[in-house]
Amino acid sequence: MSKSYDLIVLGSGPGGYVAAIRASQLGLKTAIVERENLGGICLNWGCIPTKALLRSAEVFHNMKNAADYGLAAENITADIDAVVKRSRGVAKQLNQGVTGLMKKNKIDVIMGDGTITAPGKIAVKTEKGDEELEAKDIIIATGARARDLPFAKADGKRIWTYRTAMTPPEMPTKLLVIGSGAIGIEFASFYNDMGADVTVVEMLDRIVPVEDEEISKFLEKSLKKQGMTIMTKAGIKAIDAGDKGVKAEIEDSKGNKETLDFSHVIVAVGIQPNIETIGLDQLGVQPDDRYHIKTDEYCRTNIEGIYAIGDCTAGPWLAHKASHEGVIAAETIAGGHPHTMDVNNIPGCTYCHPQIASVGLTEAKAKEAGHDVKVGKFPFIGNG
């Protein structure tokens with residue numbers, strides 16, 4: 001016999017668990033299905049533990065430069081295992097916090113792999129066997145995972161995605177980072193501060209390409225000053241991972257090819273939505289042009305009663321955007337009239353050194369859209 005709810009949320013990341021809480025607050029009997037950890041990638045393997053690592057790196061950087069502040073610190077060393085242990089502890093504490101929020105809001109948590117078998121029906125494979133759930137509405141919040149390069153599959157030994165980079169089996173000595181979006185640049189910044197020799201390869205003409213061109217140039221200059229090698233308009237042609245290191249064939253902006261040796265590689269070339277095994281093909285749920293789930297302004301898919309939020313839908317792929325979509329979907333399901341999402345009003349941050357934050361259109365995009373643009377600038381050096 002199946003358990004019945006008003007709403008079932010598939011996935012418990014910052015989109016899913018916020019949607020479940022808001023739905024419960026609005027009086028809906030709610031369940032959440034999660035296959036791994038409450039809090040999803042962001043809390044367990046993304047935003048939160050990454051920032052904990054970066055904070056350790058920042059403290060280490062400041063200690064090494066204590067003399068700049070009139071202080072003395074000698075024989076400064078870093079223990080990568082202790083740094084990772086602290087990061088995992090931060091993630092665990094917040095995971096337990098989400099567990100508490102589920103209990104407080106009387107949300108049923110079913111741990112297992114969920115598949116939508118029909119509109120309003122989910123089959124869950126749990127450790128104790130199969131469970132059948134049904135609800136008037138379903139919110140898909142299954143998130144995304146790191147995208148592999150076809151010729152550089154992550155092996156957890158020499159070729160890493162963010163998950164291995166967050167709990168490294170050893171400290172890299174010479175690190176290649178492929179991709180210069182937020183994830184790539186944050187890990188490049190972390191490992192550079194921790195003492196690795198870091199090279200960043202970006203196929204576009206500048207790093208952090210979603211930011212203003214001026215910001216990209218400033219950051220590149222700063223990272224080079226910190227000792228990083230930055231290669232733009234460059235491509236990885238081949239990677240050969242062995243027991244003791246990695247050989248990478250890199251083509252530079254002028255078309256010259258060179259094979260360089262690295263101890264490890266981090267692949268940070270985007271994400272892939274987790275939508276292949278949850279029954280969407282059989283239901284006829286439409287994908288958008290980028291293989292994410294297509295939704296309207298209220299997070300509704302083309303199938304009645306099925307909503308989608310967060311990283312399995314169109315970008316920007318940010319935790320706070322997923323949370324807001326969770327509220328929009330829950331309030332719509334409860335019969336409310338929430339205000340819709342303005343994707344130009346979502347702030348984004350990159351926690352490198354120096355940090356970057358932005359919101360809205362870049363200068364170039366604003367001009368492209370036909371706006372008259374006035375630019376104001378103020379240097380931080382003049383900020384008392």
# chains A, B, ... in the order shown; residues from 1 in each chain; ligands from 1

call {"tool": "closest_atom_pairs", "arguments": {"of": "range 134-175 of chain A", "to": "range 233-254 of chain A", "cutoff": "12 Å", "atoms": "only C-alpha atoms", "output": "CSV"}}
result
residue,atom,partner,partner_atom,distance
A:Leu149,CA,A:Ile236,CA,9.7
A:Pro150,CA,A:Ala238,CA,10.0
A:Phe151,CA,A:Ala238,CA,6.7
A:Ala152,CA,A:Ile239,CA,6.1
A:Lys153,CA,A:Ile239,CA,9.5
A:Ala154,CA,A:Ala241,CA,10.1
A:Asp155,CA,A:Ala241,CA,9.2
A:Gly156,CA,A:Ala241,CA,11.2
A:Lys157,CA,A:Asp243,CA,8.5
A:Arg158,CA,A:Ala241,CA,6.4
A:Ile159,CA,A:Ala241,CA,7.4
A:Trp160,CA,A:Ala241,CA,11.2
A:Pro172,CA,A:Gly245,CA,9.9
A:Thr173,CA,A:Gly245,CA,10.0
A:Lys174,CA,A:Gly245,CA,9.2
A:Leu175,CA,A:Val246,CA,9.5

call {"tool": "write_last_selection", "arguments": {"atoms": "N, CA, C and O atoms", "output": "CSV table (one decimal), in the first residue's frame"}}
result
chain,number,residue,atom,x,y,z
A,149,LEU,N,35.4,15.2,-18.8
A,149,LEU,CA,36.0,15.3,-20.1
A,149,LEU,C,36.1,13.9,-20.7
A,149,LEU,O,36.5,13.0,-20.0
A,150,PRO,N,35.6,13.7,-22.0
A,150,PRO,CA,35.6,12.4,-22.5
A,150,PRO,C,37.0,11.7,-22.5
A,150,PRO,O,37.1,10.5,-22.3
A,151,PHE,N,38.0,12.5,-22.6
A,151,PHE,CA,39.4,11.9,-22.7
A,151,PHE,C,40.1,12.0,-21.3
A,151,PHE,O,41.3,11.7,-21.2
A,152,ALA,N,39.4,12.5,-20.3
A,152,ALA,CA,40.0,12.6,-19.0
A,152,ALA,C,38.9,12.3,-17.9
A,152,ALA,O,38.5,13.2,-17.1
A,153,LYS,N,38.5,11.1,-17.9
A,153,LYS,CA,37.5,10.6,-16.9
A,153,LYS,C,38.1,10.7,-15.5
A,153,LYS,O,39.3,10.2,-15.2
A,154,ALA,N,37.4,11.2,-14.5
A,154,ALA,CA,37.9,11.3,-13.2
A,154,ALA,C,38.1,9.9,-12.6
A,154,ALA,O,37.2,9.1,-12.7
A,155,ASP,N,39.2,9.7,-12.0
A,155,ASP,CA,39.5,8.4,-11.4
A,155,ASP,C,39.7,8.5,-9.8
A,155,ASP,O,39.9,7.5,-9.2
A,156,GLY,N,39.7,9.7,-9.3
A,156,GLY,CA,39.8,9.9,-7.8
A,156,GLY,C,41.3,9.7,-7.4
A,156,GLY,O,41.5,9.8,-6.2
A,157,LYS,N,42.2,9.4,-8.3
A,157,LYS,CA,43.6,9.3,-7.9
A,157,LYS,C,44.4,10.4,-8.5
A,157,LYS,O,44.9,11.2,-7.7
A,158,ARG,N,44.5,10.5,-9.8
A,158,ARG,CA,45.2,11.6,-10.4
A,158,ARG,C,44.3,12.6,-11.1
A,158,ARG,O,44.7,13.8,-11.2
A,159,ILE,N,43.2,12.2,-11.5
A,159,ILE,CA,42.2,13.1,-12.2
A,159,ILE,C,41.0,13.3,-11.2
A,159,ILE,O,40.3,12.3,-10.9
A,160,TRP,N,40.8,14.5,-10.8
A,160,TRP,CA,39.8,14.8,-9.8
A,160,TRP,C,38.6,15.7,-10.3
A,160,TRP,O,38.8,16.5,-11.2
A,172,PRO,N,48.5,17.9,-3.7
A,172,PRO,CA,49.2,18.0,-5.0
A,172,PRO,C,50.5,18.8,-4.9
A,172,PRO,O,50.6,19.7,-4.1
A,173,THR,N,51.5,18.5,-5.7
A,173,THR,CA,52.7,19.3,-5.8
A,173,THR,C,52.6,20.2,-7.0
A,173,THR,O,52.8,21.4,-6.9
A,174,LYS,N,52.2,19.7,-8.1
A,174,LYS,CA,52.0,20.5,-9.3
A,174,LYS,C,50.6,20.2,-9.9
A,174,LYS,O,50.4,19.1,-10.4
A,175,LEU,N,49.7,21.2,-9.8
A,175,LEU,CA,48.3,20.9,-10.1
A,175,LEU,C,47.9,21.6,-11.4
A,175,LEU,O,48.1,22.8,-11.6

call {"tool": "residues_around", "arguments": {"residues": "range 355-365 of chain A", "least_positions_apart": "6", "cutoff": "6 Å", "atoms": "only C-alpha atoms", "output": "ChimeraX atom specification"}}
result
/A:212,344-349

call {"tool": "write_last_selection", "arguments": {"atoms": "C-alpha atoms", "output": "mmCIF file, in the first residue's frame"}}
result
data_model
loop_
_atom_site.group_PDB
_atom_site.id
_atom_site.type_symbol
_atom_site.label_atom_id
_atom_site.label_comp_id
_atom_site.auth_asym_id
_atom_site.auth_seq_id
_atom_site.Cartn_x
_atom_site.Cartn_y
_atom_site.Cartn_z
ATOM 1 C CA ASP A 212 33.077 41.882 -16.503
ATOM 2 C CA ASN A 344 19.167 39.321 -13.688
ATOM 3 C CA ASN A 345 18.736 39.970 -9.977
ATOM 4 C CA ILE A 346 20.675 36.989 -8.603
ATOM 5 C CA PRO A 347 24.065 37.764 -7.008
ATOM 6 C CA GLY A 348 27.003 35.472 -7.679
ATOM 7 C CA CYS A 349 30.296 35.145 -5.798
#

call {"tool": "closest_residue", "arguments": {"among": "A:Met341, A:Leu176, A:Met102, A:Ala72", "to": "Val33 in chain A", "atoms": "only C-alpha atoms"}}
result
A:Met102

call {"tool": "select_by_dssp", "arguments": {"residues": "range 144-314 of chain A", "states": "alpha helix (DSSP H)", "output": "PyMOL selection string"}}
result
chain A and resi 162-166+182-193+213-225+280-283

call {"tool": "residues_around", "arguments": {"residues": "Gly143 in chain A", "least_positions_apart": "6", "cutoff": "7 Å", "atoms": "only C-alpha atoms", "output": "list in words"}}
result
Pro273, Asn274, Gly310, Asp311 and Cys312 of chain A

call {"tool": "write_last_selection", "arguments": {"atoms": "N, CA, C and O atoms", "output": "PDB file, in the first residue's frame"}}
result
ATOM      1  N   PRO A 273      23.069  17.756 -15.315  1.00  0.00           N
ATOM      2  CA  PRO A 273      21.941  17.537 -14.409  1.00  0.00           C
ATOM      3  C   PRO A 273      21.697  16.054 -14.116  1.00  0.00           C
ATOM      4  O   PRO A 273      21.904  15.196 -14.979  1.00  0.00           O
ATOM      5  N   ASN A 274      21.262  15.771 -12.894  1.00  0.00           N
ATOM      6  CA  ASN A 274      20.947  14.391 -12.494  1.00  0.00           C
ATOM      7  C   ASN A 274      19.499  14.075 -12.850  1.00  0.00           C
ATOM      8  O   ASN A 274      18.607  14.109 -12.005  1.00  0.00           O
ATOM      9  N   GLY A 310      16.236  24.351  -9.185  1.00  0.00           N
ATOM     10  CA  GLY A 310      17.657  24.188  -8.899  1.00  0.00           C
ATOM     11  C   GLY A 310      18.498  23.788 -10.088  1.00  0.00           C
ATOM     12  O   GLY A 310      18.184  24.095 -11.239  1.00  0.00           O
ATOM     13  N   ASP A 311      19.577  23.059  -9.812  1.00  0.00           N
ATOM     14  CA  ASP A 311      20.602  22.774 -10.825  1.00  0.00           C
ATOM     15  C   ASP A 311      20.154  21.817 -11.922  1.00  0.00           C
ATOM     16  O   ASP A 311      20.870  21.650 -12.910  1.00  0.00           O
ATOM     17  N   CYS A 312      19.018  21.164 -11.769  1.00  0.00           N
ATOM     18  CA  CYS A 312      18.519  20.312 -12.862  1.00  0.00           C
ATOM     19  C   CYS A 312      17.725  21.139 -13.878  1.00  0.00           C
ATOM     20  O   CYS A 312      17.261  20.619 -14.880  1.00  0.00           O
TER      21      CYS A 312
END

call {"tool": "atom_distance", "arguments": {"atom1": "CA of Pro287 in chain A", "atom2": "CA of Gly181 in chain A"}}
result
24.0 Å

call {"tool": "closest_atom_pairs", "arguments": {"of": "range 3-34 of chain A", "to": "range 132-139 of chain A", "cutoff": "7 Å", "atoms": "only C-alpha atoms", "output": "Markdown table"}}
result
| residue | atom | partner | partner_atom | distance |
| --- | --- | --- | --- | --- |
| A:Lys3 | CA | A:Leu133 | CA | 4.9 |
| A:Ser4 | CA | A:Glu134 | CA | 4.9 |
| A:Tyr5 | CA | A:Ala135 | CA | 4.7 |
| A:Asp6 | CA | A:Ala135 | CA | 5.0 |
| A:Leu7 | CA | A:Asp137 | CA | 5.0 |
| A:Ile8 | CA | A:Ile138 | CA | 4.9 |
| A:Val9 | CA | A:Ile139 | CA | 4.7 |
| A:Leu10 | CA | A:Ile139 | CA | 6.1 |

call {"tool": "write_last_selection", "arguments": {"atoms": "all heavy atoms", "output": "short mmCIF file (atom, residue, chain, number, x, y, z; two decimals), in the first residue's frame"}}
result
data_model
loop_
_atom_site.label_atom_id
_atom_site.label_comp_id
_atom_site.auth_asym_id
_atom_site.auth_seq_id
_atom_site.Cartn_x
_atom_site.Cartn_y
_atom_site.Cartn_z
N LYS A 3 2.13 5.20 0.44
CA LYS A 3 1.93 6.33 1.36
C LYS A 3 1.50 7.54 0.54
O LYS A 3 2.02 7.80 -0.53
CB LYS A 3 3.23 6.63 2.10
CG LYS A 3 3.67 5.56 3.06
CD LYS A 3 4.97 5.98 3.76
CE LYS A 3 5.47 4.90 4.70
NZ LYS A 3 6.78 5.25 5.29
N SER A 4 0.57 8.30 1.10
CA SER A 4 0.00 9.42 0.35
C SER A 4 0.37 10.76 0.99
O SER A 4 0.33 10.91 2.22
CB SER A 4 -1.53 9.26 0.30
OG SER A 4 -2.09 10.24 -0.52
N TYR A 5 0.72 11.72 0.12
CA TYR A 5 1.10 13.07 0.56
C TYR A 5 0.46 14.12 -0.35
O TYR A 5 -0.03 13.80 -1.43
CB TYR A 5 2.63 13.23 0.51
CG TYR A 5 3.37 12.29 1.42
CD1 TYR A 5 3.80 11.05 0.96
CD2 TYR A 5 3.64 12.63 2.74
CE1 TYR A 5 4.48 10.18 1.79
CE2 TYR A 5 4.32 11.77 3.59
CZ TYR A 5 4.74 10.54 3.10
OH TYR A 5 5.41 9.68 3.93
N ASP A 6 0.50 15.37 0.12
CA ASP A 6 0.12 16.48 -0.77
C ASP A 6 1.26 16.78 -1.74
O ASP A 6 1.03 17.11 -2.90
CB ASP A 6 -0.18 17.75 0.05
CG ASP A 6 -1.37 17.56 0.97
OD1 ASP A 6 -2.38 16.97 0.53
OD2 ASP A 6 -1.30 17.99 2.14
N LEU A 7 2.50 16.67 -1.23
CA LEU A 7 3.68 17.01 -2.03
C LEU A 7 4.83 16.08 -1.70
O LEU A 7 5.10 15.81 -0.53
CB LEU A 7 4.11 18.46 -1.76
CG LEU A 7 5.46 18.89 -2.35
CD1 LEU A 7 5.41 18.93 -3.88
CD2 LEU A 7 5.88 20.26 -1.81
N ILE A 8 5.53 15.63 -2.74
CA ILE A 8 6.79 14.89 -2.55
C ILE A 8 7.89 15.67 -3.26
O ILE A 8 7.73 16.08 -4.42
CB ILE A 8 6.72 13.47 -3.14
CG1 ILE A 8 5.61 12.66 -2.45
CG2 ILE A 8 8.06 12.75 -2.97
CD1 ILE A 8 5.28 11.35 -3.17
N VAL A 9 8.99 15.88 -2.56
CA VAL A 9 10.15 16.56 -3.13
C VAL A 9 11.24 15.52 -3.36
O VAL A 9 11.61 14.79 -2.45
CB VAL A 9 10.68 17.67 -2.19
CG1 VAL A 9 11.85 18.40 -2.85
CG2 VAL A 9 9.57 18.66 -1.85
N LEU A 10 11.73 15.47 -4.59
CA LEU A 10 12.77 14.49 -4.95
C LEU A 10 14.12 15.21 -4.93
O LEU A 10 14.47 15.95 -5.84
CB LEU A 10 12.48 13.92 -6.34
CG LEU A 10 13.28 12.72 -6.82
CD1 LEU A 10 13.16 11.54 -5.86
CD2 LEU A 10 12.83 12.30 -8.22
#

call {"tool": "select_by_dssp", "arguments": {"residues": "range 286-351 of chain A", "states": "strand (DSSP E or B)", "output": "PyMOL selection string"}}
result
chain A and resi 287+293+300+306-308+313+348-350

call {"tool": "atom_distance", "arguments": {"atom1": "CA of Val109 in chain A", "atom2": "CA of Glu36 in chain A"}}
result
11.7 Å

call {"tool": "atom_distance", "arguments": {"atom1": "CA of Arg206 in chain A", "atom2": "CA of Pro379 in chain A"}}
result
21.7 Å

call {"tool": "closest_residue", "arguments": {"among": "A:Leu280, A:Val201, A:Ala23, A:Leu38", "to": "Gly100 in chain A", "atoms": "only C-alpha atoms"}}
result
A:Leu38

call {"tool": "residues_around", "arguments": {"residues": "Arg86 in chain A", "least_positions_apart": "3", "cutoff": "9 Å", "atoms": "only C-alpha atoms", "output": "count of residues only"}}
result
10

call {"tool": "closest_residue", "arguments": {"among": "A:Tyr17, A:Phe187, A:Tyr162, A:Tyr291", "to": "Leu54 in chain A", "atoms": "only C-alpha atoms"}}
result
A:Phe187

call {"tool": "closest_atom_pairs", "arguments": {"of": "range 301-369 of chain A", "to": "range 42-47 of chain A", "cutoff": "10 Å", "atoms": "only C-alpha atoms", "output": "tab-separated table"}}
result
residue	atom	partner	partner_atom	distance
A:Leu318	CA	A:Cys42	CA	8.9
A:Ala319	CA	A:Cys42	CA	6.8
A:Tyr351	CA	A:Cys47	CA	9.8

call {"tool": "residues_around", "arguments": {"residues": "Met171 in chain A", "least_positions_apart": "3", "cutoff": "12 Å", "atoms": "only C-alpha atoms", "output": "MDAnalysis selection string"}}
result
chainID A and resid 78:84 157:158 164:168 174:175 190:192 194:197 263:265

call {"tool": "closest_residue", "arguments": {"among": "A:Val177, A:Ala322, A:Ala330, A:Val373", "to": "Val343 in chain A", "atoms": "only C-alpha atoms"}}
result
A:Ala322

call {"tool": "residues_around", "arguments": {"residues": "Asn62 in chain A", "least_positions_apart": "5", "cutoff": "12 Å", "atoms": "only C-alpha atoms", "output": "PyMOL selection string"}}
result
chain A and resi 55-57+67-73+76+193-194+353

call {"tool": "write_last_selection", "arguments": {"atoms": "N, CA, C and O atoms", "output": "tab-separated table (two decimals), in the first residue's frame"}}
result
chain	number	residue	atom	x	y	z
A	55	ARG	N	38.66	29.17	3.90
A	55	ARG	CA	38.93	29.94	5.11
A	55	ARG	C	40.25	29.50	5.73
A	55	ARG	O	41.05	30.34	6.16
A	56	SER	N	40.49	28.19	5.77
A	56	SER	CA	41.78	27.69	6.28
A	56	SER	C	42.93	28.23	5.45
A	56	SER	O	43.97	28.64	5.98
A	57	ALA	N	42.76	28.23	4.11
A	57	ALA	CA	43.81	28.73	3.22
A	57	ALA	C	44.05	30.22	3.44
A	57	ALA	O	45.19	30.69	3.41
A	67	ALA	N	54.17	39.49	8.76
A	67	ALA	CA	55.04	40.67	8.86
A	67	ALA	C	54.39	41.92	8.28
A	67	ALA	O	54.67	43.04	8.73
A	68	ASP	N	53.49	41.75	7.29
A	68	ASP	CA	52.78	42.89	6.70
A	68	ASP	C	51.92	43.61	7.73
A	68	ASP	O	51.54	44.77	7.54
A	69	TYR	N	51.57	42.89	8.80
A	69	TYR	CA	50.69	43.45	9.84
A	69	TYR	C	51.46	43.78	11.12
A	69	TYR	O	50.87	44.02	12.17
A	70	GLY	N	52.79	43.75	11.02
A	70	GLY	CA	53.60	44.03	12.20
A	70	GLY	C	53.67	42.87	13.17
A	70	GLY	O	53.95	43.04	14.36
A	71	LEU	N	53.40	41.66	12.67
A	71	LEU	CA	53.38	40.47	13.52
A	71	LEU	C	54.48	39.51	13.08
A	71	LEU	O	54.98	39.59	11.95
A	72	ALA	N	54.84	38.59	13.96
A	72	ALA	CA	55.85	37.59	13.63
A	72	ALA	C	55.27	36.20	13.81
A	72	ALA	O	54.66	35.90	14.84
A	73	ALA	N	55.39	35.37	12.79
A	73	ALA	CA	54.97	33.96	12.87
A	73	ALA	C	56.02	33.14	12.14
A	73	ALA	O	56.29	33.38	10.97
A	76	ILE	N	55.76	28.28	9.83
A	76	ILE	CA	54.34	28.06	9.50
A	76	ILE	C	54.23	26.83	8.59
A	76	ILE	O	54.90	26.74	7.56
A	193	ASP	N	47.37	28.67	-2.33
A	193	ASP	CA	47.65	29.17	-0.97
A	193	ASP	C	48.27	28.07	-0.10
A	193	ASP	O	49.08	28.35	0.79
A	194	MET	N	47.88	26.82	-0.35
A	194	MET	CA	48.38	25.72	0.45
A	194	MET	C	49.77	25.24	0.01
A	194	MET	O	50.34	24.35	0.62
A	353	HIS	N	41.06	34.58	-4.10
A	353	HIS	CA	41.81	35.60	-3.37
A	353	HIS	C	42.44	36.52	-4.40
A	353	HIS	O	43.39	36.14	-5.04

call {"tool": "residues_around", "arguments": {"residues": "Met111 in chain A", "least_positions_apart": "2", "cutoff": "9 Å", "atoms": "only C-alpha atoms", "output": "PyMOL selection string"}}
result
chain A and resi 32-37+109+113-114+124-127

call {"tool": "decode", "arguments": {"residues": "range 179-240 of chain A", "atoms": "C-alpha atoms", "output": "tab-separated table (two decimals), in the first residue's frame"}}
result
chain	number	residue	atom	x	y	z
A	179	GLY	CA	38.26	25.45	-16.40
A	180	SER	CA	38.18	28.87	-14.75
A	181	GLY	CA	34.61	29.26	-13.57
A	182	ALA	CA	33.89	29.67	-9.86
A	183	ILE	CA	34.71	26.03	-8.96
A	184	GLY	CA	37.97	25.94	-10.92
A	185	ILE	CA	39.23	29.28	-9.64
A	186	GLU	CA	38.27	28.56	-6.02
A	187	PHE	CA	40.21	25.28	-5.98
A	188	ALA	CA	43.12	26.89	-7.82
A	189	SER	CA	43.17	29.62	-5.15
A	190	PHE	CA	42.95	27.10	-2.30
A	191	TYR	CA	45.74	24.80	-3.50
A	192	ASN	CA	47.96	27.72	-4.50
A	193	ASP	CA	47.65	29.17	-0.97
A	194	MET	CA	48.38	25.72	0.45
A	195	GLY	CA	51.66	25.53	-1.46
A	196	ALA	CA	50.96	23.72	-4.75
A	197	ASP	CA	52.33	24.92	-8.09
A	198	VAL	CA	49.06	25.69	-9.93
A	199	THR	CA	48.32	26.06	-13.66
A	200	VAL	CA	44.84	27.08	-14.87
A	201	VAL	CA	43.81	26.34	-18.47
A	202	GLU	CA	40.75	28.12	-19.91
A	203	MET	CA	39.50	27.64	-23.48
A	204	LEU	CA	37.86	31.09	-23.63
A	205	ASP	CA	39.80	34.33	-23.97
A	206	ARG	CA	39.68	35.17	-20.24
A	207	ILE	CA	39.21	33.58	-16.82
A	208	VAL	CA	35.91	33.89	-14.85
A	209	PRO	CA	34.22	34.58	-18.22
A	210	VAL	CA	30.78	35.39	-16.73
A	211	GLU	CA	32.23	38.47	-15.01
A	212	ASP	CA	33.08	41.88	-16.50
A	213	GLU	CA	36.14	41.79	-18.74
A	214	GLU	CA	37.90	44.31	-16.49
A	215	ILE	CA	37.37	42.01	-13.47
A	216	SER	CA	38.78	39.05	-15.41
A	217	LYS	CA	41.92	41.01	-16.28
A	218	PHE	CA	42.37	42.23	-12.70
A	219	LEU	CA	41.94	38.73	-11.26
A	220	GLU	CA	44.34	37.18	-13.78
A	221	LYS	CA	46.98	39.77	-12.89
A	222	SER	CA	46.46	39.11	-9.18
A	223	LEU	CA	46.60	35.31	-9.50
A	224	LYS	CA	49.77	35.48	-11.58
A	225	LYS	CA	51.31	37.74	-8.93
A	226	GLN	CA	50.48	34.99	-6.39
A	227	GLY	CA	52.48	32.51	-8.47
A	228	MET	CA	49.84	30.81	-10.64
A	229	THR	CA	50.27	30.09	-14.33
A	230	ILE	CA	47.18	31.20	-16.28
A	231	MET	CA	46.62	30.02	-19.86
A	232	THR	CA	43.62	31.44	-21.75
A	233	LYS	CA	42.46	30.56	-25.29
A	234	ALA	CA	44.12	27.23	-24.53
A	235	GLY	CA	42.89	23.66	-24.81
A	236	ILE	CA	43.71	20.25	-23.40
A	237	LYS	CA	44.32	17.88	-26.29
A	238	ALA	CA	45.19	14.72	-24.33
A	239	ILE	CA	45.73	13.54	-20.78
A	240	ASP	CA	47.68	10.46	-19.77
